[in-house]
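Q: Input file: upload-v1.cif. Contents: mmCIF, C-alpha atoms.
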data_structure
#
loop_
_atom_site.label_atom_id
_atom_site.label_comp_id
_atom_site.auth_asym_id
_atom_site.auth_seq_id
_atom_site.Cartn_x
_atom_site.Cartn_y
_atom_site.Cartn_z
CA MET A 327 -15.81 60.89 -45.25
CA LYS A 328 -14.96 58.82 -48.32
CA ALA A 329 -14.84 60.45 -51.72
CA ILE A 330 -17.48 57.94 -52.78
CA SER A 331 -19.49 55.82 -50.38
CA ASP A 332 -19.83 52.04 -50.50
CA ALA A 333 -23.58 52.44 -50.84
CA ILE A 334 -23.19 54.56 -53.95
CA VAL A 335 -20.75 52.05 -55.47
CA ARG A 336 -23.12 49.16 -54.86
CA GLN A 337 -26.03 51.09 -56.35
CA LYS A 338 -24.01 51.94 -59.44
CA CYS A 339 -23.27 48.25 -59.90
CA ILE A 340 -26.99 47.51 -59.70
CA ASP A 341 -27.88 50.27 -62.14
CA THR A 342 -25.07 49.22 -64.51
CA PRO A 343 -24.63 45.47 -63.93
CA TRP A 344 -21.74 43.44 -65.28
CA LEU A 345 -23.98 42.18 -68.10
CA THR A 346 -26.97 43.63 -69.94
CA GLU A 347 -28.55 41.70 -72.81
CA GLY A 348 -31.06 42.63 -75.46
CA ARG A 349 -32.48 40.51 -78.26
CA LEU A 350 -29.57 41.27 -80.59
CA THR A 351 -27.14 43.05 -78.31
CA ILE A 352 -24.89 42.49 -75.33
CA LYS A 353 -23.17 45.07 -73.16
CA PHE A 354 -20.78 44.71 -70.25
CA GLY A 355 -20.73 47.06 -67.29
CA ASN A 356 -17.71 49.29 -66.70
CA ILE A 357 -18.07 50.52 -63.13
CA PRO A 358 -14.74 49.08 -61.88
CA GLU A 359 -12.88 50.59 -64.85
CA TRP A 360 -14.66 53.91 -64.43
CA LEU A 361 -13.66 54.09 -60.78
CA GLU A 362 -10.07 53.12 -61.57
CA ASN A 363 -9.89 55.84 -64.23
CA THR A 364 -11.28 58.33 -61.72
CA ALA A 365 -8.59 57.29 -59.23
CA ASP A 366 -5.92 57.90 -61.87
CA MET A 367 -7.14 61.48 -62.23
CA MET A 368 -6.74 62.18 -58.52
CA PRO A 369 -3.50 63.60 -57.06
CA THR A 370 -0.96 60.82 -56.61
CA GLY A 371 -0.95 59.51 -53.07
CA SER A 372 -4.04 61.50 -52.07
CA GLN A 373 -6.84 60.15 -49.90
CA GLU A 374 -9.26 60.66 -52.80
CA GLN A 375 -7.14 58.44 -55.01
CA GLN A 376 -7.07 55.74 -52.35
CA ASP A 377 -10.84 56.02 -51.86
CA TYR A 378 -11.53 55.50 -55.56
CA ARG A 379 -9.11 52.59 -55.79
CA GLU A 380 -10.93 50.92 -52.90
CA ALA A 381 -14.25 51.72 -54.57
CA ALA A 382 -13.03 50.03 -57.76
CA GLU A 383 -12.20 46.89 -55.77
CA LEU A 384 -15.64 46.95 -54.18
CA ALA A 385 -17.27 47.33 -57.60
CA ARG A 386 -15.26 44.39 -58.89
CA THR A 387 -16.45 42.34 -55.92
CA CYS A 388 -20.05 43.33 -56.69
CA TYR A 389 -19.62 42.21 -60.28
CA GLN A 390 -18.05 38.95 -59.15
CA GLU A 391 -21.08 38.28 -56.98
CA GLN A 392 -23.37 38.95 -59.95
CA ILE A 393 -21.36 36.62 -62.16
CA LYS A 394 -21.45 33.75 -59.66
CA ALA A 395 -25.19 34.18 -59.27
CA GLN A 396 -25.73 33.96 -63.04
CA ILE A 397 -23.06 31.67 -64.49
CA ASP A 398 -21.83 28.28 -63.33
CA PRO A 399 -18.55 27.58 -65.19
CA THR A 400 -19.08 23.83 -64.82
CA LYS A 401 -22.20 24.02 -66.99
CA VAL A 402 -20.70 25.47 -70.15
CA VAL A 403 -22.03 22.62 -72.31
CA GLU A 404 -25.57 23.37 -71.21
CA MET A 405 -24.98 27.07 -71.75
CA CYS A 406 -23.91 26.52 -75.35
CA LYS A 407 -26.95 24.32 -76.00
CA GLN A 408 -29.31 26.92 -74.57
CA GLU A 409 -27.51 29.75 -76.34
CA PRO A 410 -26.08 28.48 -79.66
CA TRP A 411 -23.75 30.73 -81.62
CA THR A 412 -26.61 31.39 -84.06
CA THR A 413 -30.34 30.71 -84.22
CA ALA A 414 -30.32 30.88 -88.03
CA GLN A 415 -31.09 27.83 -90.14
CA LYS A 416 -29.26 29.04 -93.26
CA ALA A 417 -25.90 30.77 -93.68
CA GLU A 418 -27.36 33.77 -95.48
CA GLU A 419 -29.75 34.33 -92.55
CA VAL A 420 -27.06 34.48 -89.85
CA PRO A 421 -26.52 38.29 -89.75
CA SER A 422 -30.20 38.97 -89.03
CA HIS A 423 -30.64 36.24 -86.41
CA LYS A 424 -29.69 36.22 -82.75
CA PHE A 425 -26.08 35.40 -81.94
CA GLY A 426 -24.95 33.49 -78.89
CA TYR A 427 -22.50 35.16 -76.54
CA VAL A 428 -21.41 32.37 -74.22
CA THR A 429 -17.74 32.88 -75.06
CA GLU A 430 -17.93 36.63 -74.54
CA LYS A 431 -19.61 36.20 -71.17
CA LEU A 432 -17.09 33.64 -69.93
CA GLU A 433 -14.13 35.65 -71.14
CA LYS A 434 -15.40 38.79 -69.41
CA ALA A 435 -16.22 36.82 -66.28
CA ALA A 436 -12.68 35.45 -66.10
CA SER A 437 -11.21 38.94 -66.47
CA LEU A 438 -13.07 40.16 -63.39
CA PHE A 439 -11.37 37.66 -61.08
CA PRO A 440 -7.71 37.90 -59.99
CA LYS A 441 -5.27 35.94 -62.12
CA GLY A 442 -4.13 32.87 -60.27
CA SER A 443 -7.39 32.51 -58.38
CA ALA A 444 -9.55 29.39 -58.61
CA ASP A 445 -12.42 31.42 -60.06
CA HIS A 446 -10.25 32.93 -62.78
CA ALA A 447 -9.02 29.45 -63.71
CA ALA A 448 -12.54 28.02 -63.74
CA TYR A 449 -14.01 30.71 -65.97
CA THR A 450 -10.98 30.67 -68.26
CA GLN A 451 -11.31 26.91 -68.74
CA ALA A 452 -15.03 27.29 -69.34
CA PHE A 453 -14.25 29.95 -71.96
CA GLU A 454 -11.86 27.59 -73.75
CA THR A 455 -14.47 24.82 -73.72
CA GLY A 456 -17.20 27.15 -74.94
CA LYS A 457 -14.92 28.36 -77.71
CA GLN A 458 -14.40 24.82 -78.92
CA LEU A 459 -18.12 23.99 -78.77
CA TYR A 460 -19.06 27.07 -80.76
CA PHE A 461 -16.32 26.40 -83.31
CA GLN A 462 -17.38 22.79 -83.84
CA SER A 463 -20.99 23.92 -84.20
CA MET A 464 -19.90 26.45 -86.82
CA ARG A 465 -18.04 23.73 -88.74
CA GLU A 466 -21.11 21.52 -88.83
CA PHE A 467 -23.32 24.48 -89.78
CA ALA A 468 -20.98 25.41 -92.65
CA TYR A 469 -20.69 21.81 -93.81
CA HIS A 470 -24.44 21.40 -94.15
CA GLY A 471 -24.74 24.89 -95.60
CA ALA A 472 -22.29 24.04 -98.37
CA LEU A 473 -23.89 20.72 -99.35
CA GLY A 474 -25.32 20.89 -102.85
CA LYS A 475 -24.09 24.45 -103.38
CA SER A 476 -22.01 25.55 -106.33
CA ARG A 477 -19.00 27.80 -105.99
CA ALA A 478 -21.11 30.67 -107.31
CA ASP A 479 -23.78 29.96 -104.70
CA ILE A 480 -21.26 30.10 -101.87
CA GLU A 481 -19.60 33.23 -103.25
CA ALA A 482 -22.97 34.96 -103.29
CA VAL A 483 -23.65 33.96 -99.68
CA ASN A 484 -20.16 35.00 -98.61
CA THR A 485 -20.51 38.40 -100.23
CA GLY A 486 -23.49 39.09 -98.00
CA LEU A 487 -21.72 37.74 -94.92
CA TRP A 488 -18.64 39.89 -95.55
CA HIS A 489 -20.81 42.97 -95.95
CA ALA A 490 -22.59 42.25 -92.67
CA ALA A 491 -19.36 41.42 -90.85
CA HIS A 492 -17.98 44.93 -91.21
CA LYS A 493 -21.04 46.34 -89.48
CA PHE A 494 -19.97 44.48 -86.33
CA GLU A 495 -16.37 45.65 -86.32
CA ASN A 496 -15.15 46.81 -82.88
CA ASP A 497 -18.53 46.18 -81.24
CA GLY A 498 -16.99 44.27 -78.34
CA THR A 499 -18.21 40.84 -79.47
CA TYR A 500 -16.98 38.09 -81.77
CA ARG A 501 -19.78 38.60 -84.29
CA MET A 502 -17.45 39.93 -86.97
CA SER A 503 -14.89 37.14 -86.51
CA ARG A 504 -17.66 34.52 -86.58
CA LEU A 505 -18.98 35.76 -89.91
CA VAL A 506 -15.50 35.91 -91.39
CA LYS A 507 -14.78 32.38 -90.18
CA LEU A 508 -18.10 31.18 -91.54
CA CYS A 509 -17.13 32.48 -94.98
CA GLU A 510 -13.86 30.57 -94.78
CA LEU A 511 -15.59 27.35 -93.69
CA LEU A 512 -18.29 27.58 -96.36
CA GLY A 513 -15.63 27.96 -99.05
CA HIS A 514 -13.61 25.08 -97.63
CA PHE A 515 -16.52 22.65 -97.47
CA GLN A 516 -17.84 23.67 -100.88
CA GLN A 517 -14.53 22.48 -102.33
CA SER A 518 -14.36 19.27 -100.29
CA LEU A 519 -17.89 18.02 -99.73
CA ASN A 520 -16.70 14.45 -99.17
CA VAL A 521 -14.74 15.40 -96.07
CA ASN A 522 -16.30 13.97 -92.95
CA ILE A 523 -16.47 16.28 -89.96
CA ARG A 524 -14.78 14.79 -86.93
CA PRO A 525 -15.38 16.17 -83.44
CA LEU A 526 -12.50 18.39 -82.41
CA GLY A 527 -10.84 17.21 -79.22
CA ILE A 528 -9.05 19.45 -76.77
CA GLN A 529 -5.66 18.63 -78.24
CA GLN A 530 -6.83 19.14 -81.84
CA TYR A 531 -8.03 22.70 -81.34
CA SER A 532 -5.31 25.24 -82.04
CA ALA A 533 -6.94 27.99 -84.09
CA ARG A 534 -6.85 31.57 -82.80
CA PHE A 535 -10.55 32.00 -83.53
CA LYS A 536 -12.25 32.61 -80.19
CA GLY A 537 -15.81 31.48 -80.79
#
Rewrite the structure from the file as structure tokens, please.
A:
Amino acid sequence: MKAISDAIVRQKCIDTPWLTEGRLTIKFGNIPEWLENTADMMPTGSQEQQDYREAAELARTCYQEQIKAQIDPTKVVEMCKQEPWTTAQKAEEVPSHKFGYVTEKLEKAASLFPKGSADHAAYTQAFETGKQLYFQSMREFAYHGALGKSRADIEAVNTGLWHAAHKFENDGTYRMSRLVKLCELLGHFQQSLNVNIRPLGIQQYSARFKG
């Protein structure tokens, strides 16, 4: 008899799916990691260790099936339109409005497929595209947010954004980095309001910011 049955593994993946979303939160399932950690605690070379390693692979397969049923990596543009990086209309409102998590979802999805596989490549490319789309949207948002604002106005907004950003530190999303980047962009456009925003092409994008 296996240390943990396939039926139990599949049920755990249903009870704790790869993705759970709330209005303002997002959480990724950890069943494969949990099973791998359990395997590491078993005696080296034991049948129990082998059983849990196989269970971890099954859990990863279950998560992969869930991902494919929910996310089509070829439709990342539509995803970003349906789930923009923020639903706020003004910069100072961003922390209290719903964030978009397209980049987080695609990044996590890619990590659950073997490196070198077609699925891993597809979700990784979708992640890179989503990252660019979110970043360009942030630039446009910051540009319009800085129009007509004085330096003092922007500093006041940025103070609030910085304060909110630290609340999101280490929460497993890019919320903190988005707020920090928004502060930078608002300051930049406040100083150069005559700069026209040009769409960023694939070759132009080189920043480490991940959307």
Q: With the file shown as input, list the residues that the PyMOL selection byres ((chain A and resi 330-337) around 9) selects, as a PDB file with C-alpha atoms, in the coordinates of the input.
A:
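As a result, selection-v4.pdb now contains:
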ATOM      1  CA  MET A 327     -15.810  60.890 -45.250  1.00  0.00           C
ATOM      2  CA  LYS A 328     -14.960  58.820 -48.320  1.00  0.00           C
ATOM      3  CA  ALA A 329     -14.840  60.450 -51.720  1.00  0.00           C
ATOM      4  CA  LYS A 338     -24.010  51.940 -59.440  1.00  0.00           C
ATOM      5  CA  CYS A 339     -23.270  48.250 -59.900  1.00  0.00           C
ATOM      6  CA  ILE A 340     -26.990  47.510 -59.700  1.00  0.00           C
ATOM      7  CA  ASP A 341     -27.880  50.270 -62.140  1.00  0.00           C
ATOM      8  CA  THR A 342     -25.070  49.220 -64.510  1.00  0.00           C
ATOM      9  CA  ILE A 357     -18.070  50.520 -63.130  1.00  0.00           C
ATOM     10  CA  GLU A 374      -9.260  60.660 -52.800  1.00  0.00           C
ATOM     11  CA  ASP A 377     -10.840  56.020 -51.860  1.00  0.00           C
ATOM     12  CA  TYR A 378     -11.530  55.500 -55.560  1.00  0.00           C
ATOM     13  CA  ALA A 381     -14.250  51.720 -54.570  1.00  0.00           C
ATOM     14  CA  ALA A 382     -13.030  50.030 -57.760  1.00  0.00           C
ATOM     15  CA  LEU A 384     -15.640  46.950 -54.180  1.00  0.00           C
ATOM     16  CA  ALA A 385     -17.270  47.330 -57.600  1.00  0.00           C
ATOM     17  CA  CYS A 388     -20.050  43.330 -56.690  1.00  0.00           C
TER      18      CYS A 388
END
Q: Name the residues that the PyMOL selection byres ((chain A and resi 419) around 12) picks from the file above, as a PyMOL selection string, using the file's chain letters and numbers.
A: chain A and resi 412-418+420-425+471+483-484+486-487+490+505
Q: Is it possible to get the residues within 10 Å of (-27.8, 42.7, -64.3) (coordinates as in the file, counting all atoms listed in the file) written as a PyMOL selection string?
A: chain A and resi 339-347+354-355+389+392-393+396
Q: What does the distance from CA of Tyr469 in chain A to CA of Phe515 in chain A come to in Å, to one decimal?
A: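 It comes out at 5.6 Å.
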Q: Taking into account all atoms listed in the file, which residue in the set A:Arg379, A:Glu466, A:Lys353, A:Ser476 is nearest to Ala365 in chain A?
A: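 Among the listed residues, the smallest separation from Ala365 in chain A belongs to A:Arg379.
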Q: Check what the PyMOL selection byres ((chain A and resi 465) around 9) selects in the file above and give those residues as a PDB file with C-alpha atoms, in the coordinates of the input.
A:
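What landed in part.pdb:
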ATOM      1  CA  TYR A 460     -19.060  27.070 -80.760  1.00  0.00           C
ATOM      2  CA  PHE A 461     -16.320  26.400 -83.310  1.00  0.00           C
ATOM      3  CA  GLN A 462     -17.380  22.790 -83.840  1.00  0.00           C
ATOM      4  CA  SER A 463     -20.990  23.920 -84.200  1.00  0.00           C
ATOM      5  CA  MET A 464     -19.900  26.450 -86.820  1.00  0.00           C
ATOM      6  CA  GLU A 466     -21.110  21.520 -88.830  1.00  0.00           C
ATOM      7  CA  PHE A 467     -23.320  24.480 -89.780  1.00  0.00           C
ATOM      8  CA  ALA A 468     -20.980  25.410 -92.650  1.00  0.00           C
ATOM      9  CA  TYR A 469     -20.690  21.810 -93.810  1.00  0.00           C
ATOM     10  CA  HIS A 470     -24.440  21.400 -94.150  1.00  0.00           C
ATOM     11  CA  LEU A 508     -18.100  31.180 -91.540  1.00  0.00           C
ATOM     12  CA  LEU A 511     -15.590  27.350 -93.690  1.00  0.00           C
ATOM     13  CA  LEU A 512     -18.290  27.580 -96.360  1.00  0.00           C
ATOM     14  CA  PHE A 515     -16.520  22.650 -97.470  1.00  0.00           C
ATOM     15  CA  ILE A 523     -16.470  16.280 -89.960  1.00  0.00           C
TER      16      ILE A 523
END
Q: Determine, counting all atoms listed in the file, every residue of protein, DNA or RNA that lies within 12 Å of (-17.1, 31.9, -64.0) in the file coordinates, then give the result as a ChimeraX atom specification.
A: /A:389-402,428-440,443-454,456
Q: Mind checking which residues fall within 7 Å of Ala491 in chain A, counting only C-alpha atoms, ignoring those fewer than 2 positions away in the same chain, and posting them as a short mmCIF file (atom, residue, chain, number, x, y, z; two decimals) with C-alpha atoms, in the coordinates of the input?
A:
data_model
loop_
_atom_site.label_atom_id
_atom_site.label_comp_id
_atom_site.auth_asym_id
_atom_site.auth_seq_id
_atom_site.Cartn_x
_atom_site.Cartn_y
_atom_site.Cartn_z
CA LEU A 487 -21.72 37.74 -94.92
CA TRP A 488 -18.64 39.89 -95.55
CA HIS A 489 -20.81 42.97 -95.95
CA LYS A 493 -21.04 46.34 -89.48
CA PHE A 494 -19.97 44.48 -86.33
CA GLU A 495 -16.37 45.65 -86.32
CA MET A 502 -17.45 39.93 -86.97
CA LEU A 505 -18.98 35.76 -89.91
CA VAL A 506 -15.50 35.91 -91.39
#
